[in-house]
file structure_10.pdb (PDB, C-alpha atoms)
ATOM      1  CA  MET G   1       4.657  -1.892  -5.903
ATOM      2  CA  LYS G   2       5.623   0.701  -3.357
ATOM      3  CA  ASN G   3       2.870   0.712  -0.741
ATOM      4  CA  ARG G   4       2.544   4.208   0.590
ATOM      5  CA  ASP G   5       0.675   4.119   3.927
ATOM      6  CA  HIS G   6      -1.086   7.360   4.664
ATOM      7  CA  SER G   7      -4.278   8.487   6.305
ATOM      8  CA  LEU G   8      -6.324   5.312   5.798
ATOM      9  CA  THR G   9      -3.579   3.066   7.151
ATOM     10  CA  LEU G  10      -3.033   5.369  10.110
ATOM     11  CA  GLU G  11      -6.750   5.445  10.851
ATOM     12  CA  GLY G  12      -6.910   1.659  10.646
ATOM     13  CA  LEU G  13      -3.912   1.181  12.946
ATOM     14  CA  VAL G  14      -5.331   3.499  15.594
ATOM     15  CA  ALA G  15      -8.761   1.858  15.477
ATOM     16  CA  ALA G  16      -7.351  -1.669  15.492
ATOM     17  CA  GLN G  17      -5.079  -1.098  18.484
ATOM     18  CA  SER G  18      -7.979   0.245  20.524
ATOM     19  CA  ARG G  19      -9.918  -2.974  19.876
ATOM     20  CA  LEU G  20      -7.121  -5.341  20.941
ATOM     21  CA  SER G  21      -6.406  -6.482  24.487
ATOM     22  CA  ALA G  22      -3.609  -4.670  26.341
ATOM     23  CA  GLY G  23      -1.269  -7.651  26.174
ATOM     24  CA  HIS G  24      -1.756  -8.587  22.543
ATOM     25  CA  PRO G  25       1.630  -9.613  21.053
ATOM     26  CA  LEU G  26       1.198  -7.521  17.889
ATOM     27  CA  LEU G  27       0.451  -4.254  19.666
ATOM     28  CA  PRO G  28       4.148  -3.182  19.782
ATOM     29  CA  VAL G  29       4.511  -3.957  16.061
ATOM     30  CA  MET G  30       1.456  -1.910  15.191
ATOM     31  CA  ALA G  31       2.518   0.945  17.475
ATOM     32  CA  ALA G  32       5.901   1.085  15.742
ATOM     33  CA  LYS G  33       4.182   1.116  12.350
ATOM     34  CA  GLN G  34       1.911   3.920  13.524
ATOM     35  CA  SER G  35       4.930   5.999  14.548
ATOM     36  CA  SER G  36       6.530   5.388  11.162
ATOM     37  CA  VAL G  37       3.383   6.411   9.280
ATOM     38  CA  GLU G  38       2.962   9.541  11.417
ATOM     39  CA  ALA G  39       6.582  10.488  10.733
ATOM     40  CA  GLY G  40       6.041  10.077   7.002
ATOM     41  CA  ILE G  41       2.902  12.191   7.025
ATOM     42  CA  GLY G  42       4.688  14.832   9.104
ATOM     43  CA  GLY G  43       7.583  14.972   6.662
ATOM     44  CA  GLU G  44       5.360  15.408   3.633
ATOM     45  CA  GLU G  45       3.349  18.095   5.405
ATOM     46  CA  ARG G  46       6.623  19.917   6.076
ATOM     47  CA  VAL G  47       7.363  19.931   2.340
ATOM     48  CA  ALA G  48       3.809  21.013   1.523
ATOM     49  CA  GLU G  49       4.204  23.952   3.905
ATOM     50  CA  ILE G  50       7.342  25.074   2.057
ATOM     51  CA  PHE G  51       5.372  25.221  -1.187
ATOM     52  CA  ARG G  52       2.550  27.132   0.514
ATOM     53  CA  ARG G  53       5.019  29.779   1.684
ATOM     54  CA  HIS G  54       6.873  30.196  -1.625
ATOM     55  CA  SER G  55       5.730  31.261  -5.056
ATOM     56  CA  PHE G  56       7.372  31.020  -8.471
ATOM     57  CA  SER G  57       7.491  33.498 -11.318
ATOM     58  CA  PHE G  58       6.545  30.800 -13.840
ATOM     59  CA  ALA G  59       3.456  28.615 -14.203
ATOM     60  CA  ASN G  60       3.501  25.564 -11.959
ATOM     61  CA  HIS G  61       1.111  22.923 -10.698
ATOM     62  CA  LEU G  62       1.794  21.006  -7.500
ATOM     63  CA  PHE G  63       0.561  17.503  -6.613
ATOM     64  CA  HIS G  64       0.915  15.560  -3.352
ATOM     65  CA  ASP G  65       0.581  11.774  -2.988
ATOM     66  CA  LEU G  66      -0.164  11.246  -6.646
ATOM     67  CA  SER G  67      -0.704   7.690  -7.931
ATOM     68  CA  PRO G  68      -1.330   7.720 -11.702
ATOM     69  CA  SER G  69      -2.922   4.584 -13.080
ATOM     70  CA  SER G  70      -0.596   2.562 -15.294
ATOM     71  CA  ASN G  71       0.556  -0.999 -15.904
ATOM     72  CA  GLU G  72       2.580  -0.736 -12.697
ATOM     73  CA  ASN G  73       1.263   1.005  -9.599
ATOM     74  CA  PHE G  74       3.423   3.814  -8.297
ATOM     75  CA  GLN G  75       3.041   6.677  -5.859
ATOM     76  CA  MET G  76       4.896   9.984  -5.834
ATOM     77  CA  ASP G  77       5.250  12.049  -2.665
ATOM     78  CA  THR G  78       5.380  15.425  -4.410
ATOM     79  CA  VAL G  79       5.321  16.366  -8.089
ATOM     80  CA  ALA G  80       5.906  19.902  -9.329
ATOM     81  CA  LEU G  81       4.891  20.377 -12.944
ATOM     82  CA  THR G  82       5.923  23.320 -15.137
ATOM     83  CA  PRO G  83       5.664  23.891 -18.922
ATOM     84  CA  TRP G  84       9.428  23.149 -19.202
ATOM     85  CA  PHE G  85       9.947  20.236 -16.807
ATOM     86  CA  GLY G  86       8.611  18.112 -13.984
ATOM     87  CA  VAL G  87      10.206  17.593 -10.555
ATOM     88  CA  LEU G  88       9.817  14.480  -8.406
ATOM     89  CA  LEU G  89      10.497  14.800  -4.675
ATOM     90  CA  GLU G  90      10.887  11.667  -2.546
ATOM     91  CA  VAL G  91      10.395  12.760   1.081
ATOM     92  CA  LYS G  92      11.955  10.949   4.038
ATOM     93  CA  ASN G  93      11.583  11.614   7.756
ATOM     94  CA  ILE G  94      13.999   9.206   9.417
ATOM     95  CA  SER G  95      15.901  10.458  12.458
ATOM     96  CA  GLY G  96      19.489   9.563  13.272
ATOM     97  CA  GLU G  97      22.667   9.406  11.215
ATOM     98  CA  LEU G  98      22.009   8.362   7.621
ATOM     99  CA  GLU G  99      24.277   6.540   5.201
ATOM    100  CA  PHE G 100      23.289   6.042   1.569
ATOM    101  CA  LYS G 101      24.777   2.836   0.148
ATOM    102  CA  ASP G 102      25.026   2.081  -3.580
ATOM    103  CA  ASN G 103      26.022  -1.580  -3.695
ATOM    104  CA  PRO G 104      23.532  -2.859  -2.835
ATOM    105  CA  PRO G 105      21.276   0.214  -2.760
ATOM    106  CA  GLN G 106      20.233   0.744   0.840
ATOM    107  CA  LEU G 107      19.719   3.433   3.460
ATOM    108  CA  ILE G 108      21.387   2.723   6.802
ATOM    109  CA  ARG G 109      20.213   4.613   9.881
ATOM    110  CA  THR G 110      22.325   4.714  13.054
ATOM    111  CA  LYS G 111      20.513   5.756  16.228
ATOM    112  CA  GLU G 112      22.082   7.611  19.132
ATOM    113  CA  ASP G 113      22.525   4.325  21.021
ATOM    114  CA  GLY G 114      24.463   2.880  18.078
ATOM    115  CA  HIS G 115      21.678   0.597  16.855
ATOM    116  CA  LYS G 116      21.538   0.303  13.056
ATOM    117  CA  ASP G 117      18.455  -0.134  10.860
ATOM    118  CA  GLY G 118      18.292  -0.792   7.127
ATOM    119  CA  PHE G 119      15.701   0.718   4.775
ATOM    120  CA  GLU G 120      14.970   0.544   1.084
ATOM    121  CA  SER G 121      16.985   3.249  -0.617
ATOM    122  CA  PRO G 122      14.887   6.333  -1.456
ATOM    123  CA  VAL G 123      17.211   6.715  -4.463
ATOM    124  CA  VAL G 124      15.827   3.459  -5.885
ATOM    125  CA  GLN G 125      12.272   4.620  -5.196
ATOM    126  CA  LEU G 126      12.970   7.941  -6.906
ATOM    127  CA  GLU G 127      14.549   6.319  -9.962
ATOM    128  CA  ARG G 128      11.646   3.889 -10.320
ATOM    129  CA  ASN G 129       9.101   6.700 -10.150
ATOM    130  CA  HIS G 130      11.152   8.684 -12.656
ATOM    131  CA  ASP G 131      11.015   5.820 -15.149
ATOM    132  CA  LEU G 132       7.319   5.091 -14.615
ATOM    133  CA  LEU G 133       6.292   8.742 -14.874
ATOM    134  CA  GLY G 134       8.360   9.065 -18.050
ATOM    135  CA  THR G 135       6.557   6.067 -19.515
ATOM    136  CA  TRP G 136       3.190   7.492 -18.437
ATOM    137  CA  LEU G 137       3.990  10.772 -20.197
ATOM    138  CA  ARG G 138       5.250   9.115 -23.388
ATOM    139  CA  CYS G 139       2.016   7.109 -23.610
ATOM    140  CA  ARG G 140       0.292  10.479 -23.909
ATOM    141  CA  ASN G 141       2.806  11.822 -26.464
ATOM    142  CA  ILE G 142       4.331  14.208 -23.930
ATOM    143  CA  ARG G 143       8.098  14.806 -24.001
ATOM    144  CA  LEU G 144       9.097  16.586 -20.805
ATOM    145  CA  PRO G 145      12.383  16.489 -18.862
ATOM    146  CA  ILE G 146      11.920  15.013 -15.380
ATOM    147  CA  TYR G 147      14.233  15.961 -12.521
ATOM    148  CA  GLY G 148      14.276  14.427  -9.065
ATOM    149  CA  ALA G 149      15.623  14.817  -5.546
ATOM    150  CA  VAL G 150      15.424  13.092  -2.189
ATOM    151  CA  VAL G 151      14.179  15.446   0.522
ATOM    152  CA  LEU G 152      15.044  15.008   4.189
ATOM    153  CA  ALA G 153      12.159  16.585   6.063
ATOM    154  CA  TYR G 154      14.171  18.032   8.971
ATOM    155  CA  PRO G 155      17.758  19.289   9.356
ATOM    156  CA  LYS G 156      18.096  17.073  12.473
ATOM    157  CA  GLN G 157      18.597  14.210  10.045
ATOM    158  CA  ILE G 158      22.376  13.903   9.860
ATOM    159  CA  VAL G 159      23.871  12.638   6.608
ATOM    160  CA  ALA G 160      27.096  10.727   7.134
ATOM    161  CA  VAL G 161      27.301   9.447   3.548
ATOM    162  CA  PRO G 162      25.162  11.179   0.885
ATOM    163  CA  PRO G 163      24.007   9.459  -2.328
ATOM    164  CA  VAL G 164      26.610   9.597  -5.085
ATOM    165  CA  LYS G 165      24.484  10.835  -8.004
ATOM    166  CA  THR G 166      21.142  11.925  -6.537
ATOM    167  CA  LYS G 167      20.340  15.425  -5.336
ATOM    168  CA  LEU G 168      19.723  15.599  -1.590
ATOM    169  CA  LEU G 169      17.749  18.536  -0.178
ATOM    170  CA  PHE G 170      16.268  19.915   3.003
ATOM    171  CA  PRO G 171      12.825  21.526   2.524
ATOM    172  CA  SER G 172      14.110  25.115   2.546
ATOM    173  CA  LEU G 173      16.339  24.284  -0.440
ATOM    174  CA  ILE G 174      13.462  23.064  -2.636
ATOM    175  CA  PRO G 175      12.379  26.475  -4.067
ATOM    176  CA  PRO G 176      15.889  27.582  -5.119
ATOM    177  CA  TYR G 177      16.517  24.116  -6.568
ATOM    178  CA  ILE G 178      13.397  24.321  -8.741
ATOM    179  CA  ARG G 179      14.207  27.891  -9.789
ATOM    180  CA  SER G 180      17.709  26.765 -10.847
ATOM    181  CA  LEU G 181      16.411  24.175 -13.320
ATOM    182  CA  PRO G 182      16.727  25.178 -16.996
ATOM    183  CA  GLN G 183      13.744  26.767 -18.708
ATOM    184  CA  GLN G 184      14.894  26.216 -22.237
ATOM    185  CA  GLY G 185      14.028  24.132 -25.227
ATOM    186  CA  ARG G 186      10.504  23.225 -26.199
ATOM    187  CA  LYS G 187       7.830  24.021 -23.598
ATOM    188  CA  LEU G 188       4.230  22.901 -23.267
ATOM    189  CA  ASP G 189       1.722  25.443 -24.499
ATOM    190  CA  HIS G 190      -0.867  26.716 -22.033
ATOM    191  CA  GLU G 191      -3.629  24.401 -23.246
ATOM    192  CA  THR G 192      -1.453  21.273 -23.203
ATOM    193  CA  PHE G 193      -0.020  22.160 -19.785
ATOM    194  CA  ASN G 194      -3.498  22.460 -18.256
ATOM    195  CA  TRP G 195      -4.683  19.318 -20.053
ATOM    196  CA  LEU G 196      -1.735  17.347 -18.691
ATOM    197  CA  SER G 197      -2.422  18.499 -15.127
ATOM    198  CA  ALA G 198      -6.066  17.518 -15.453
ATOM    199  CA  GLU G 199      -5.040  14.154 -16.923
ATOM    200  CA  LEU G 200      -2.760  13.479 -13.951
ATOM    201  CA  LEU G 201      -5.577  14.198 -11.526
ATOM    202  CA  HIS G 202      -8.058  12.151 -13.520
ATOM    203  CA  SER G 203      -5.622   9.242 -13.639
ATOM    204  CA  HIS G 204      -5.030   9.258  -9.876
ATOM    205  CA  GLN G 205      -5.930   6.017  -8.099
ATOM    206  CA  PRO G 206      -6.103   6.405  -4.283
ATOM    207  CA  PHE G 207      -4.160   3.797  -2.351
ATOM    208  CA  ILE G 208      -6.483   1.454  -0.455
ATOM    209  CA  PRO G 209      -4.594  -0.548   2.190
ATOM    210  CA  LYS G 210      -5.356  -4.115   3.173
ATOM    211  CA  PRO G 211      -7.544  -4.505   6.261
ATOM    212  CA  ILE G 212      -5.415  -4.601   9.413
ATOM    213  CA  SER G 213      -6.438  -8.173  10.295
ATOM    214  CA  GLU G 214      -5.237  -9.359   6.889
ATOM    215  CA  ALA G 215      -2.082  -7.256   6.842
ATOM    216  CA  TYR G 216      -0.950  -8.489  10.262
ATOM    217  CA  GLY G 217      -2.522 -11.957  10.288
ATOM    218  CA  ILE G 218      -4.685 -11.238  13.325
ATOM    219  CA  PRO G 219      -7.783 -13.451  13.880
ATOM    220  CA  LEU G 220     -11.035 -11.498  13.838
ATOM    221  CA  LYS G 221     -11.931 -12.847  17.278
ATOM    222  CA  ASP G 222      -8.988 -10.929  18.788
ATOM    223  CA  PHE G 223     -10.702  -7.598  18.156
ATOM    224  CA  LYS G 224     -13.284  -6.218  20.566
ATOM    225  CA  PRO G 225     -16.642  -5.567  18.855
ATOM    226  CA  GLY G 226     -19.006  -2.717  19.694
ATOM    227  CA  VAL G 227     -19.798   0.850  18.719
ATOM    228  CA  ARG G 228     -17.184   3.451  19.634
ATOM    229  CA  CYS G 229     -18.311   6.809  21.013
ATOM    230  CA  GLY G 230     -17.144   9.757  18.925
ATOM    231  CA  ARG G 231     -16.883  11.976  22.023
ATOM    232  CA  CYS G 232     -15.037   9.873  24.615
ATOM    233  CA  GLY G 233     -13.637   7.179  22.315
ATOM    234  CA  ARG G 234     -14.832   4.271  24.451
ATOM    235  CA  ILE G 235     -16.494   1.211  22.923
ATOM    236  CA  GLY G 236     -19.965   0.261  24.121
ATOM    237  CA  MET G 237     -22.613   2.624  22.760
ATOM    238  CA  VAL G 238     -26.143   1.306  23.086
ATOM    239  CA  LYS G 239     -28.766   1.446  20.316
ATOM    240  CA  LEU G 240     -31.850   3.450  21.229
ATOM    241  CA  PRO G 241     -34.744   4.390  18.930
ATOM    242  CA  ARG G 242     -33.346   6.744  16.263
ATOM    243  CA  THR G 243     -29.929   7.187  17.958
ATOM    244  CA  TRP G 244     -26.957   5.630  19.786
ATOM    245  CA  TYR G 245     -26.277   6.369  23.465
ATOM    246  CA  CYS G 246     -22.918   6.260  25.277
ATOM    247  CA  PRO G 247     -23.279   5.032  28.902
ATOM    248  CA  PHE G 248     -19.838   6.449  29.750
ATOM    249  CA  CYS G 249     -20.186  10.119  28.750
ATOM    250  CA  GLU G 250     -23.927  10.206  27.940
ATOM    251  CA  ALA G 251     -23.336  11.414  24.393
ATOM    252  CA  THR G 252     -25.852  10.590  21.671
ATOM    253  CA  ASP G 253     -25.094  10.110  17.977
ATOM    254  CA  HIS G 254     -27.661   8.925  15.455
ATOM    255  CA  LEU G 255     -24.913   8.218  12.880
ATOM    256  CA  ALA G 256     -22.431   6.372  15.115
ATOM    257  CA  HIS G 257     -22.914   3.173  13.103
ATOM    258  CA  GLU G 258     -21.488   4.832   9.980
ATOM    259  CA  ARG G 259     -18.182   5.658  11.646
ATOM    260  CA  ASN G 260     -17.926   2.169  13.150
ATOM    261  CA  LEU G 261     -18.764   0.373   9.912
ATOM    262  CA  ARG G 262     -15.869   2.341   8.432
ATOM    263  CA  GLU G 263     -13.689   0.740  11.125
ATOM    264  CA  TRP G 264     -15.020  -2.661  10.041
ATOM    265  CA  PHE G 265     -13.632  -2.042   6.544
ATOM    266  CA  LEU G 266     -10.278  -0.793   7.858
ATOM    267  CA  ILE G 267      -9.811  -3.626  10.363
ATOM    268  CA  PHE G 268     -11.665  -6.702   9.121
ATOM    269  CA  LYS G 269     -12.607  -7.004   5.453
ATOM    270  CA  ARG G 270     -14.321  -5.239   2.556
ATOM    271  CA  THR G 271     -17.601  -7.112   2.803
ATOM    272  CA  ILE G 272     -20.119  -7.551   5.607
ATOM    273  CA  THR G 273     -23.240  -9.653   6.190
ATOM    274  CA  ASN G 274     -26.267  -8.937   8.331
ATOM    275  CA  ARG G 275     -24.997 -11.359  10.967
ATOM    276  CA  GLU G 276     -21.531  -9.793  10.985
ATOM    277  CA  CYS G 277     -23.100  -6.354  11.277
ATOM    278  CA  ARG G 278     -25.172  -7.432  14.285
ATOM    279  CA  GLU G 279     -22.199  -9.054  16.006
ATOM    280  CA  PHE G 280     -19.935  -6.069  15.375
ATOM    281  CA  LEU G 281     -22.384  -3.309  16.318
ATOM    282  CA  GLY G 282     -23.891  -5.270  19.188
ATOM    283  CA  VAL G 283     -27.513  -5.309  18.009
ATOM    284  CA  ASP G 284     -29.864  -8.312  18.091
ATOM    285  CA  ASP G 285     -32.535  -7.205  15.623
ATOM    286  CA  MET G 286     -32.000  -8.578  12.133
ATOM    287  CA  GLN G 287     -34.335  -5.982  10.613
ATOM    288  CA  LEU G 288     -32.478  -3.143  12.366
ATOM    289  CA  ALA G 289     -29.176  -4.412  10.969
ATOM    290  CA  LYS G 290     -30.771  -4.632   7.525
ATOM    291  CA  ARG G 291     -31.968  -1.012   7.740
ATOM    292  CA  ILE G 292     -28.511   0.119   8.832
ATOM    293  CA  LEU G 293     -26.777  -1.692   5.984
ATOM    294  CA  THR G 294     -29.338  -0.567   3.430
ATOM    295  CA  SER G 295     -28.891   3.037   4.550
ATOM    296  CA  MET G 296     -25.203   2.831   3.631
ATOM    297  CA  ASP G 297     -26.162   2.456  -0.054
ATOM    298  CA  TRP G 298     -23.585  -0.261  -0.688
ATOM    299  CA  PRO G 299     -23.933  -2.788  -3.523
ATOM    300  CA  SER G 300     -25.010  -6.239  -2.377
ATOM    301  CA  THR G 301     -25.162  -9.787  -3.685
ATOM    302  CA  GLY G 302     -27.305 -12.719  -2.617
ATOM    303  CA  THR G 303     -30.721 -12.724  -1.016
ATOM    304  CA  PHE G 304     -32.170 -12.772   2.494
ATOM    305  CA  ARG G 305     -29.774 -14.291   5.054
ATOM    306  CA  ASN G 306     -27.105 -14.904   2.414
ATOM    307  CA  ARG G 307     -26.942 -11.253   1.362
ATOM    308  CA  THR G 308     -23.439  -9.788   1.417
ATOM    309  CA  TYR G 309     -22.785  -6.059   1.287
ATOM    310  CA  GLU G 310     -19.611  -4.832  -0.366
ATOM    311  CA  ILE G 311     -18.147  -1.613   0.954
ATOM    312  CA  LYS G 312     -17.376   0.772  -1.885
ATOM    313  CA  LEU G 313     -13.745   1.859  -1.914
ATOM    314  CA  SER G 314     -14.793   5.410  -2.772
ATOM    315  CA  ASP G 315     -16.639   5.577   0.542
ATOM    316  CA  VAL G 316     -13.457   5.154   2.546
ATOM    317  CA  SER G 317     -10.756   6.634   0.325
ATOM    318  CA  LYS G 318      -9.716  10.223   0.827
ATOM    319  CA  LYS G 319      -8.557  12.345  -2.066
ATOM    320  CA  GLY G 320      -8.065  15.533  -0.101
ATOM    321  CA  ASN G 321      -4.306  15.208  -0.161
ATOM    322  CA  ILE G 322      -4.185  15.817  -3.917
ATOM    323  CA  ILE G 323      -3.476  19.492  -4.438
ATOM    324  CA  ILE G 324      -3.134  21.463  -7.632
ATOM    325  CA  ARG G 325      -1.797  24.988  -7.371
ATOM    326  CA  GLN G 326      -0.858  27.521  -9.981
TER
END

call {"tool": "encode", "arguments": {"input": "structure_10.pdb", "output": "structure tokens"}}
result
Amino acid sequence: MKNRDHSLTLEGLVAAQSRLSAGHPLLPVMAAKQSSVEAGIGGEERVAEIFRRHSFSFANHLFHDLSPSSNENFQMDTVALTPWFGVLLEVKNISGELEFKDNPPQLIRTKEDGHKDGFESPVVQLERNHDLLGTWLRCRNIRLPIYGAVVLAYPKQIVAVPPVKTKLLFPSLIPPYIRSLPQQGRKLDHETFNWLSAELLHSHQPFIPKPISEAYGIPLKDFKPGVRCGRCGRIGMVKLPRTWYCPFCEATDHLAHERNLREWFLIFKRTITNRECREFLGVDDMQLAKRILTSMDWPSTGTFRNRTYEIKLSDVSKKGNIIIRQ
């Protein structure tokens, strides 16, 4: 499975780092991962902007970060669908001098200081997605040619050795590339084309990352508990009747617990008990914690002190990055 880390992972990394001590040994690792995720998001936004600025004379639907449900999980950065063909775009935002190797498949990046890093080849990722999307389409009795290209988000990415067989593009070259593809042979009729687009959206399964503590093997005790202020970002809001109060900037927020329980899911685990809620939010009243958890409308198991609340994935997943345009 290709784990595509996007907004939820980024949000979890930022929240987790702010709850660790300044000298924690995994802070540099998490900071590097944050930079990598931000670069990936920036690259895909660059491609999305190209599509927003260009139009096509033929029907087309555009999808970003699409993960159709199938026997094997897969995620596609950008998919352009037309009645004649589909186009897969694998977007990369890796600075430095790039060398695409075939045997074994690998992407080598050389920095300005001469340091070399190895990455999984985007060509392999593209080919895998091509095969899985083809299978997904055939399962729905759809025969549609699928083309693909690797997109380098910025021209500052220098290509020393390009891939042998795979198309390599900068964002500005995407529209002419799509326009150059053949519109011949059997095409999808209007009804089938719209049905297929709706089926892709309906089949989408948002990627839910592992909690940061699990992903990085960090003990829960390493993270600082408490309610973070939405205005100043500091941890330590105090519960008052009907609201939360920040002693640092004097802000009040009656829903601060909702935002911080979201951090619990991203950092710790997907379930929470009354005791864990009290320890994390910094409240002593068992009944108050019960009211807070009940207000979240999460499913629960067990009774009384053994009750466990399970955070619904739909409450934390974001589907706003799925776009369909015609």

call {"tool": "atom_distance", "arguments": {"input": "structure_10.pdb", "atom1": "atom CA of G:Phe119", "atom2": "atom CA of G:Phe100"}}
result
9.8 Å

call {"tool": "closest_residue", "arguments": {"input": "structure_10.pdb", "among": "G:Arg53, G:Arg307, G:Arg143, G:Arg262", "to": "G:Leu188", "atoms": "only C-alpha atoms"}}
result
G:Arg143

call {"tool": "residues_around", "arguments": {"input": "structure_10.pdb", "residues": "G:Pro83", "least_positions_apart": "6", "cutoff": "8 Å", "atoms": "all atoms listed in the file", "output": "ChimeraX atom specification"}}
result
/G:59-60,187-190,193

call {"tool": "resolve_selection", "arguments": {"input": "structure_10.pdb", "expression": "the PyMOL selection byres ((chain G and resi 116) around 12)", "output": "PyMOL selection string"}}
result
chain G and resi 95-99+107-115+117-119

call {"tool": "resolve_selection", "arguments": {"input": "structure_10.pdb", "expression": "the PyMOL selection byres ((chain G and resi 155) around 10)", "output": "PyMOL selection string"}}
result
chain G and resi 93+95+152-154+156-159+169-172

call {"tool": "closest_residue", "arguments": {"input": "structure_10.pdb", "among": "G:Ala22, G:Ala39, G:Val150, G:Cys139", "to": "G:Val91", "atoms": "all atoms listed in the file"}}
result
G:Val150

call {"tool": "resolve_selection", "arguments": {"input": "structure_10.pdb", "expression": "the PyMOL selection byres ((chain G and resi 43-50) around 10)", "output": "MDAnalysis selection string"}}
result
chainID G and resid 37:42 51:55 62:65 77:78 89:94 151:154 170:175 321 323

call {"tool": "decode", "arguments": {"input": "structure_10.pdb", "residues": "stretch 49-65 of chain G", "atoms": "N, CA and C atoms", "output": "PDB file, in the first residue's frame"}}
result
ATOM      1  N   GLU G  49      -3.611  24.153  -9.446  1.00  0.00           N
ATOM      2  CA  GLU G  49      -3.717  25.525  -9.946  1.00  0.00           C
ATOM      3  C   GLU G  49      -3.626  25.570 -11.466  1.00  0.00           C
ATOM      4  N   ILE G  50      -2.791  24.724 -12.050  1.00  0.00           N
ATOM      5  CA  ILE G  50      -2.695  24.655 -13.513  1.00  0.00           C
ATOM      6  C   ILE G  50      -4.039  24.279 -14.116  1.00  0.00           C
ATOM      7  N   PHE G  51      -4.719  23.317 -13.525  1.00  0.00           N
ATOM      8  CA  PHE G  51      -6.025  22.904 -14.033  1.00  0.00           C
ATOM      9  C   PHE G  51      -7.070  24.001 -13.831  1.00  0.00           C
ATOM     10  N   ARG G  52      -6.955  24.764 -12.743  1.00  0.00           N
ATOM     11  CA  ARG G  52      -7.908  25.854 -12.531  1.00  0.00           C
ATOM     12  C   ARG G  52      -7.751  26.951 -13.574  1.00  0.00           C
ATOM     13  N   ARG G  53      -6.542  27.116 -14.099  1.00  0.00           N
ATOM     14  CA  ARG G  53      -6.268  28.204 -15.033  1.00  0.00           C
ATOM     15  C   ARG G  53      -6.472  27.806 -16.482  1.00  0.00           C
ATOM     16  N   HIS G  54      -6.646  26.496 -16.749  1.00  0.00           N
ATOM     17  CA  HIS G  54      -6.790  26.038 -18.131  1.00  0.00           C
ATOM     18  C   HIS G  54      -8.115  25.299 -18.307  1.00  0.00           C
ATOM     19  N   SER G  55      -8.671  25.430 -19.477  1.00  0.00           N
ATOM     20  CA  SER G  55      -9.897  24.713 -19.806  1.00  0.00           C
ATOM     21  C   SER G  55      -9.649  23.865 -21.055  1.00  0.00           C
ATOM     22  N   PHE G  56     -10.541  22.923 -21.293  1.00  0.00           N
ATOM     23  CA  PHE G  56     -10.418  22.027 -22.437  1.00  0.00           C
ATOM     24  C   PHE G  56     -11.695  22.095 -23.259  1.00  0.00           C
ATOM     25  N   SER G  57     -11.566  21.845 -24.537  1.00  0.00           N
ATOM     26  CA  SER G  57     -12.714  21.937 -25.433  1.00  0.00           C
ATOM     27  C   SER G  57     -13.578  20.684 -25.388  1.00  0.00           C
ATOM     28  N   PHE G  58     -13.160  19.675 -24.646  1.00  0.00           N
ATOM     29  CA  PHE G  58     -13.905  18.427 -24.544  1.00  0.00           C
ATOM     30  C   PHE G  58     -14.268  18.168 -23.080  1.00  0.00           C
ATOM     31  N   ALA G  59     -15.275  17.343 -22.864  1.00  0.00           N
ATOM     32  CA  ALA G  59     -15.737  17.044 -21.514  1.00  0.00           C
ATOM     33  C   ALA G  59     -14.608  16.419 -20.695  1.00  0.00           C
ATOM     34  N   ASN G  60     -14.484  16.854 -19.455  1.00  0.00           N
ATOM     35  CA  ASN G  60     -13.450  16.289 -18.591  1.00  0.00           C
ATOM     36  C   ASN G  60     -13.851  16.456 -17.136  1.00  0.00           C
ATOM     37  N   HIS G  61     -13.495  15.489 -16.342  1.00  0.00           N
ATOM     38  CA  HIS G  61     -13.706  15.544 -14.895  1.00  0.00           C
ATOM     39  C   HIS G  61     -12.348  15.363 -14.232  1.00  0.00           C
ATOM     40  N   LEU G  62     -12.094  16.153 -13.208  1.00  0.00           N
ATOM     41  CA  LEU G  62     -10.791  16.159 -12.550  1.00  0.00           C
ATOM     42  C   LEU G  62     -10.946  15.733 -11.098  1.00  0.00           C
ATOM     43  N   PHE G  63     -10.051  14.847 -10.639  1.00  0.00           N
ATOM     44  CA  PHE G  63     -10.073  14.362  -9.259  1.00  0.00           C
ATOM     45  C   PHE G  63      -8.680  14.536  -8.652  1.00  0.00           C
ATOM     46  N   HIS G  64      -8.634  14.951  -7.386  1.00  0.00           N
ATOM     47  CA  HIS G  64      -7.367  15.048  -6.661  1.00  0.00           C
ATOM     48  C   HIS G  64      -7.403  14.104  -5.456  1.00  0.00           C
ATOM     49  N   ASP G  65      -6.281  13.448  -5.196  1.00  0.00           N
ATOM     50  CA  ASP G  65      -6.148  12.562  -4.031  1.00  0.00           C
ATOM     51  C   ASP G  65      -7.281  11.547  -3.961  1.00  0.00           C
TER      52      ASP G  65
END
